[in-house]
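Shown next, in C-alpha cells, is the structure this report addresses.
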Amino acid sequence: MLAAHQQSIRLLQGVLVASVALPALLFAYACWQGYNTTQAVAARQIAQSRDVLNEHALKVFEAVDRSIAETNEIIRDMSDAQIAENAAKLHARLKKLADESSQIKSLWIFDRTGHALVNSLDDPSPPIDFSDRDYFKSHVARDIGTFVGSVLRPRPPYGGAPFFGVSHRRTSADGSFTGVIQASVLPEYFEGFYAKIGREPGSYYSLIREDGLLLARYPKLDRNTWLAPQGDLIKAMRAKPDEGTVSLVSKIDGLERTVSYLKLPNLPLYVVAGRDAAAVRAEWLAQVQGHLMFGLPSTAVLIVVIALALGRTRKLYDEERRRQAAEEALKQSQRLEALGQLTGGVAHDFNNLLMVIGGSAKKLKRSEQDPKQLRSLEMIDLAVQKAESLTKKLLSFSRRRTLLPQVIDLTSSIDSLRGVLAQSVTGDIALEFDLPRQMIAVKVDPSELEIALLNLTLNARDAMPDGGKITFSLRRVHAINGGLPANLRGEFAAISVTDSGEGIPAAIRERIFEPFFTTKAVDKGTGLGLSQVFGFVNQSQGAVTVHSETGHGARFNMYLPVSAEMPVVRAPATDTASANLEHARVLLVEDNPDVGTIAADYLEQCGCSVVRADNAEIAIETLNRRNDIDLVFSDIAMPGMSGLELGRLVRDHYPEIPVVLASGYSDKAARAVEEGFLLLEKPYSLDAMRRSLSDLAVRKST
C-alpha cells in the first residue's frame, strides 16, 4: 500500500516538473536579461548623478572663493588697526556678502593671533581666541591655498547649524602671515540639494575630503564621521585619484552600494554618488513580478492545477496515515486501559493473598521457637513486603492508586530519604542536600512524594553516565516575591533537584512530562517517571517546571502549597490503642474468610472482641439486632453492597459508631477518603491497624 502511494505521488511530481521546466528556463533567461539591464541603467544613473554633484559643488566653492577673494580685496592695503577702525563698515560689507550666498553662514577676518577683527554676524567681534580652529592654524606655518576644514559646532555665544570652514591666508607685502579670511559653509546646504535630487530609491550622495572626512551626506548622518583608511572607497581613491567606480559594503550603515567618485579641481574634495544594491535589486524584482503577473498566466494556472492535484493526493494519503496512527493510538490506549483494569483487579485479589500470607507468617512467628523456622518466616515476611511494594507500583502505573494526603514536615521528610535516594544511584554520583533548619509543612501523600523524588533521581542518574552530582534543595517562595509559575498564588515550598548531566534538548523539553514519552532505550524506561511527578504535583495543587541547557545539566522545581496546619506527631500506637479500645466490640465485615481471619486476629491483638459478618447485608442485620457494637471495620470491595455504601448507612443511622474501611484496590477508595472515612490500605499489618485504631480513638475523643 505504501509503495503504491509513493509511486502515484512520484508520477504527479514528474508531471509537475515537466510542466514547470520549460517555462522556468524561459523565465530564468528573462530574469537574467532584466538583471543586466537594471544594473546598466543604475550605473548610468549613478554616473549622471555624480556629474550633477560635481557641477553643483564647483559652483558652490567658486561662489565661496569669490566671497573670500572680494573680502581680501576690500582689506588688501589695510592694517589690522585700520580694519579695527573700520569694523562697522566692514561688518556691513561682510554681512551683505554672506546674505547674498545661501551656502555661506558667515564670513570672518582674523588677525595673526586668531582673534576676530570683523565678522558678518555682529559688531564688534567678541574677544574670543579662534587660533585652535583647523581653518586658522592650518595657515600659520605656510601658504597652502584654499583650506577646507572639518565640520564644527559654533562656539558660544554663537549658535545655529554646524559648518565647515573654507579659508585663505592673509599675507603682508613681504609675504609674512598676518591672519586668515574664513567662510563658514553649511553642510545642510549640500544635504538639502542632495535630498532634492535623490528621487531614486536607495540614492546615496556625499561630499568627502580626500583624507576620508565626510562633510555632507545623504542619507543624513552624524557630523565628523571618518571613512576607514583601509575601506574600499579610500583604497580606490588612492589607486585612482581622479575618478572611479567601486562596489562596497559601508562600514557606517552596513549597506551594500555601488558608488562613483570624482575629485573637484584644485580642491581636496570628492563628490560621491551611488545607489543601494538592495534598491537596484528591488527594481529588478519588480520587473520579475511583472513577468510573473503578465507573462506566465497560463503556466501558473497549469502549475496550480497540478499542484492542487498533488496536494489533494498527499492530503488523502496523510489522512489515511493519521487515521491509521489514530487507530494504533486507540488500540494502545485500549491495551493500557485493559492493563489498568487487569492490574487493579489482580491487585485487589493479590493484596488479599499477601495479607493472608503475611498475617499467617506473623502469627506463626509468635509461637515458633525454632531459629530455622523463624528465619523462613522472616523470609516470607520480607517477600510479602516486596510484593506489597510491587503492587503499589503497578497501581501507580495504572493510575489507580488513591492518594492519601496528610500534613508532613517537608524538611524532615526529604532528610529521611537520604539513604533511599543514595541507594538508587551509582557510586560515582554524589548527592548534596541543601535543606533549611526550620519546618515547612505541606499536605501531600508521603509515598507519592517519595516516588516523585526517586523518579527525578533516577532520571538524573541516567543523564550522568560518567558520574556527577545531584543537588536537592528546599526553600519557601511566595508569589509576591516572584520565582513562581504564573498560575500559582500564595506561599509554596520549592523542591529543586539539580544534576550536572547532559541536559535536555530544547526540541523535546516541552514533551518530557507526556505519559510514555521517553528518549531511553526500550528496555531502559517506561516514560512514566516524569508523568508521575507531573500528576502528583498537580494533584497536590502545585506545579513542576524544568530549566535546562544541553551540556549544562537540568533543574526540576516542584512547587507544593505550604499548609497552615501543623504536622501530626504520632504517639506510640500500642499504648494509645490499648487505653482507648480495650474491650471494644468490633463488627468485622469481610467477604474473604481467610482475610477475615487475619483481620480478626489483628483486632484481638489490639484488645478488641470481634463479631464477624460476611457481607454488608449481614452487617446491617447485626447492627439492627445488637446495640453493643463499638466499631465497624469493613472491606470496601464486596459483592452486593460495597463497604462505602455500608459506611454511609452506618453514619446516617448509627452516627455514634465509627467506621474504618479497608481496600486493596477500589475506585471507591478516593471517594471514601473525600467523605472523611478512615481508610486502611491492604495488605495492612498489625502496626498499621493499631495506628488506624489509634487515630480513630483520637478522633472519637475529640
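Naming scheme: A, B, ... for chains in displayed order of the C-alpha cells; residues 1 onward per chain; ligands 1 onward as shown.
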**Study point:** Near-Thr498 of chain A list (9 Å; only C-alpha atoms; drop same-chain fewer than 3 positions) as a PyMOL selection string
**Key:** chain A and resi 460+469-473+553-557
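Among the candidates A:Val595, A:Leu364, A:Leu22, A:Ala584, the one nearest to Cys608 of chain A when counting only C-alpha atoms is A:Ala584.
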Point to revise | Minimum-distance residue to Asn54 of chain A, chosen among A:Pro23, A:Pro265, A:Gly676, A:Pro127 (using only C-alpha atoms) | key: A:Pro265
For segment 178-193 of chain A, work out the shell of residues within 7 Å, counting only C-alpha atoms and skipping chain neighbours fewer than 2 positions away, then give it as a PDB file with C-alpha atoms, in the first residue's frame.
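Dumped everything to out.pdb:
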ATOM      1  CA  ILE A  68      36.717  85.319   0.161  1.00  0.00           C
ATOM      2  CA  GLN A 103      25.576  78.319   1.276  1.00  0.00           C
ATOM      3  CA  ILE A 104      27.651  80.700   3.450  1.00  0.00           C
ATOM      4  CA  LYS A 105      26.708  81.021   7.094  1.00  0.00           C
ATOM      5  CA  SER A 106      29.244  83.726   7.987  1.00  0.00           C
ATOM      6  CA  LEU A 107      32.478  85.489   6.894  1.00  0.00           C
ATOM      7  CA  TRP A 108      35.365  86.248   9.254  1.00  0.00           C
ATOM      8  CA  ILE A 109      38.629  88.226   9.221  1.00  0.00           C
ATOM      9  CA  PHE A 110      41.178  87.051  11.826  1.00  0.00           C
ATOM     10  CA  ASP A 111      44.443  88.626  12.932  1.00  0.00           C
ATOM     11  CA  ARG A 112      47.681  86.685  13.334  1.00  0.00           C
ATOM     12  CA  PHE A 136      43.141  79.065  11.227  1.00  0.00           C
ATOM     13  CA  PRO A 162      27.158  73.134  12.166  1.00  0.00           C
ATOM     14  CA  PHE A 163      29.581  74.377   9.478  1.00  0.00           C
ATOM     15  CA  PHE A 164      32.915  73.656   7.908  1.00  0.00           C
ATOM     16  CA  GLY A 165      35.447  76.384   7.234  1.00  0.00           C
ATOM     17  CA  VAL A 166      36.842  77.382   3.832  1.00  0.00           C
ATOM     18  CA  SER A 167      39.800  79.712   4.469  1.00  0.00           C
ATOM     19  CA  HIS A 168      42.707  81.599   2.856  1.00  0.00           C
ATOM     20  CA  ARG A 169      45.903  83.012   4.321  1.00  0.00           C
ATOM     21  CA  ARG A 170      46.325  86.774   4.791  1.00  0.00           C
ATOM     22  CA  THR A 171      49.807  87.915   3.948  1.00  0.00           C
ATOM     23  CA  SER A 172      51.649  91.216   4.197  1.00  0.00           C
ATOM     24  CA  SER A 176      54.578  87.169   6.211  1.00  0.00           C
ATOM     25  CA  ALA A 195      17.700  65.357  -0.894  1.00  0.00           C
ATOM     26  CA  LYS A 196      16.075  67.163  -3.857  1.00  0.00           C
ATOM     27  CA  ILE A 197      17.849  65.102  -6.481  1.00  0.00           C
ATOM     28  CA  LEU A 215      31.448  66.811   5.150  1.00  0.00           C
ATOM     29  CA  ALA A 216      27.907  66.234   3.864  1.00  0.00           C
ATOM     30  CA  ARG A 217      25.902  63.087   3.241  1.00  0.00           C
ATOM     31  CA  TYR A 218      22.533  61.866   2.056  1.00  0.00           C
TER      32      TYR A 218
END
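Of the residues under consideration (A:Asp370, A:Glu283, A:Asp466, A:Asp695), A:Glu283 shows the shortest atom-to-atom contact distance to Tyr35 of chain A when counting only C-alpha atoms.
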Point to revise | Close residues, segment 409-419 of chain A itself excluded, 10 Å, only C-alpha atoms, min 5 positions apart in chain, as a ChimeraX atom specification | key: /A:424,431-444,446,449-450,453-454,472-475,493,495,560,562-563,566-568
List the neighbours of Ala506 of chain A out to 9 Å using only C-alpha atoms; skip same-chain residues closer than 5 positions along the sequence, and give me the result as an mmCIF file with N, CA and C atoms, in the first residue's frame.
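Result written to result_13.cif:
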data_model
loop_
_atom_site.group_PDB
_atom_site.id
_atom_site.type_symbol
_atom_site.label_atom_id
_atom_site.label_comp_id
_atom_site.auth_asym_id
_atom_site.auth_seq_id
_atom_site.Cartn_x
_atom_site.Cartn_y
_atom_site.Cartn_z
ATOM 1 N N SER A 548 16.837 23.844 31.667
ATOM 2 C CA SER A 548 17.949 23.015 31.212
ATOM 3 C C SER A 548 18.587 23.619 29.976
ATOM 4 N N GLU A 549 19.883 23.388 29.838
ATOM 5 C CA GLU A 549 20.631 23.700 28.631
ATOM 6 C C GLU A 549 21.458 22.472 28.276
ATOM 7 N N THR A 550 21.507 22.172 26.984
ATOM 8 C CA THR A 550 22.251 20.999 26.542
ATOM 9 C C THR A 550 23.708 21.120 26.969
#
Which neighbours of Gly202 of chain A fall inside 9 Å, counting only C-alpha atoms, when residues of the same chain fewer than 5 positions from it are skipped, and could you give them as a PDB file with N, CA, C and O atoms, in the first residue's frame?
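Writing done, so here's around09.pdb:
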ATOM      1  N   PRO A 219      21.810  59.592   2.638  1.00  0.00           N
ATOM      2  CA  PRO A 219      21.022  59.975   3.827  1.00  0.00           C
ATOM      3  C   PRO A 219      21.895  60.626   4.901  1.00  0.00           C
ATOM      4  O   PRO A 219      23.068  60.320   5.033  1.00  0.00           O
ATOM      5  N   ARG A 257      26.590  49.037  -1.597  1.00  0.00           N
ATOM      6  CA  ARG A 257      26.338  50.085  -2.589  1.00  0.00           C
ATOM      7  C   ARG A 257      27.333  49.972  -3.741  1.00  0.00           C
ATOM      8  O   ARG A 257      28.442  49.456  -3.581  1.00  0.00           O
ATOM      9  N   GLY A 274      25.940  57.295  -5.508  1.00  0.00           N
ATOM     10  CA  GLY A 274      25.774  55.848  -5.530  1.00  0.00           C
ATOM     11  C   GLY A 274      24.339  55.437  -5.278  1.00  0.00           C
ATOM     12  O   GLY A 274      23.459  56.273  -5.044  1.00  0.00           O
ATOM     13  N   ARG A 275      24.118  54.127  -5.321  1.00  0.00           N
ATOM     14  CA  ARG A 275      22.797  53.581  -5.023  1.00  0.00           C
ATOM     15  C   ARG A 275      22.967  52.286  -4.237  1.00  0.00           C
ATOM     16  O   ARG A 275      23.926  51.527  -4.446  1.00  0.00           O
ATOM     17  N   ASP A 276      21.993  52.039  -3.341  1.00  0.00           N
ATOM     18  CA  ASP A 276      21.995  50.797  -2.579  1.00  0.00           C
ATOM     19  C   ASP A 276      21.752  49.621  -3.511  1.00  0.00           C
ATOM     20  O   ASP A 276      20.858  49.668  -4.381  1.00  0.00           O
ATOM     21  N   ALA A 277      22.542  48.576  -3.321  1.00  0.00           N
ATOM     22  CA  ALA A 277      22.346  47.375  -4.137  1.00  0.00           C
ATOM     23  C   ALA A 277      20.967  46.780  -3.903  1.00  0.00           C
ATOM     24  O   ALA A 277      20.344  46.239  -4.829  1.00  0.00           O
ATOM     25  N   ALA A 278      20.462  46.917  -2.669  1.00  0.00           N
ATOM     26  CA  ALA A 278      19.134  46.372  -2.376  1.00  0.00           C
ATOM     27  C   ALA A 278      18.061  47.087  -3.172  1.00  0.00           C
ATOM     28  O   ALA A 278      17.088  46.474  -3.635  1.00  0.00           O
ATOM     29  N   ALA A 279      18.201  48.424  -3.349  1.00  0.00           N
ATOM     30  CA  ALA A 279      17.203  49.179  -4.120  1.00  0.00           C
ATOM     31  C   ALA A 279      17.240  48.773  -5.585  1.00  0.00           C
ATOM     32  O   ALA A 279      16.191  48.659  -6.243  1.00  0.00           O
ATOM     33  N   VAL A 280      18.452  48.562  -6.116  1.00  0.00           N
ATOM     34  CA  VAL A 280      18.559  48.133  -7.518  1.00  0.00           C
ATOM     35  C   VAL A 280      17.950  46.749  -7.681  1.00  0.00           C
ATOM     36  O   VAL A 280      17.219  46.484  -8.653  1.00  0.00           O
TER      37      VAL A 280
END
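Shortest separation to Lys362 of chain A among A:Asp253, A:Asp601, A:Glu55, A:Glu510 occurs at residue A:Asp601, atoms counted being only C-alpha atoms.
Excluding Arg366 of chain A itself and same-chain residues fewer than 6 positions from it, the residues having an atom within 12 Å of it are Gly359, Ser360, Gln373, Leu374, Leu377, Glu378 and Gln605 of chain A, counting only C-alpha atoms.
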Output file for the selection above: C-alpha atoms, as a CSV table (one decimal), in the first residue's frame:
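Result written to out.csv:
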chain,number,residue,atom,x,y,z
A,359,GLY,CA,-0.6,-12.3,58.6
A,360,SER,CA,-0.2,-16.1,58.8
A,373,GLN,CA,11.7,-21.9,61.1
A,374,LEU,CA,11.8,-18.3,62.3
A,377,LEU,CA,9.0,-17.0,58.4
A,378,GLU,CA,11.1,-13.8,58.2
A,605,GLN,CA,-4.3,-8.5,69.5
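Separating atom CA of Ala616 of chain A from atom CA of Asp445 of chain A is a distance of 29.7 Å.
Here atom CA of Ala18 of chain A and atom CA of Ala309 of chain A stand 14.8 Å from one another.
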Review point. Which residues in segment 180-384 of chain A does DSSP call strand (DSSP E or B)? List them as an MDAnalysis selection string.
Key: chainID A and resid 180:185 203:209 213:218 225:226 243:249 256:263 269:276
Review point. Taking into account only C-alpha atoms, which residue in the set A:Tyr602, A:Arg648, A:Asn72, A:Leu310 is nearest to Gly14 of chain A?
Key: A:Leu310
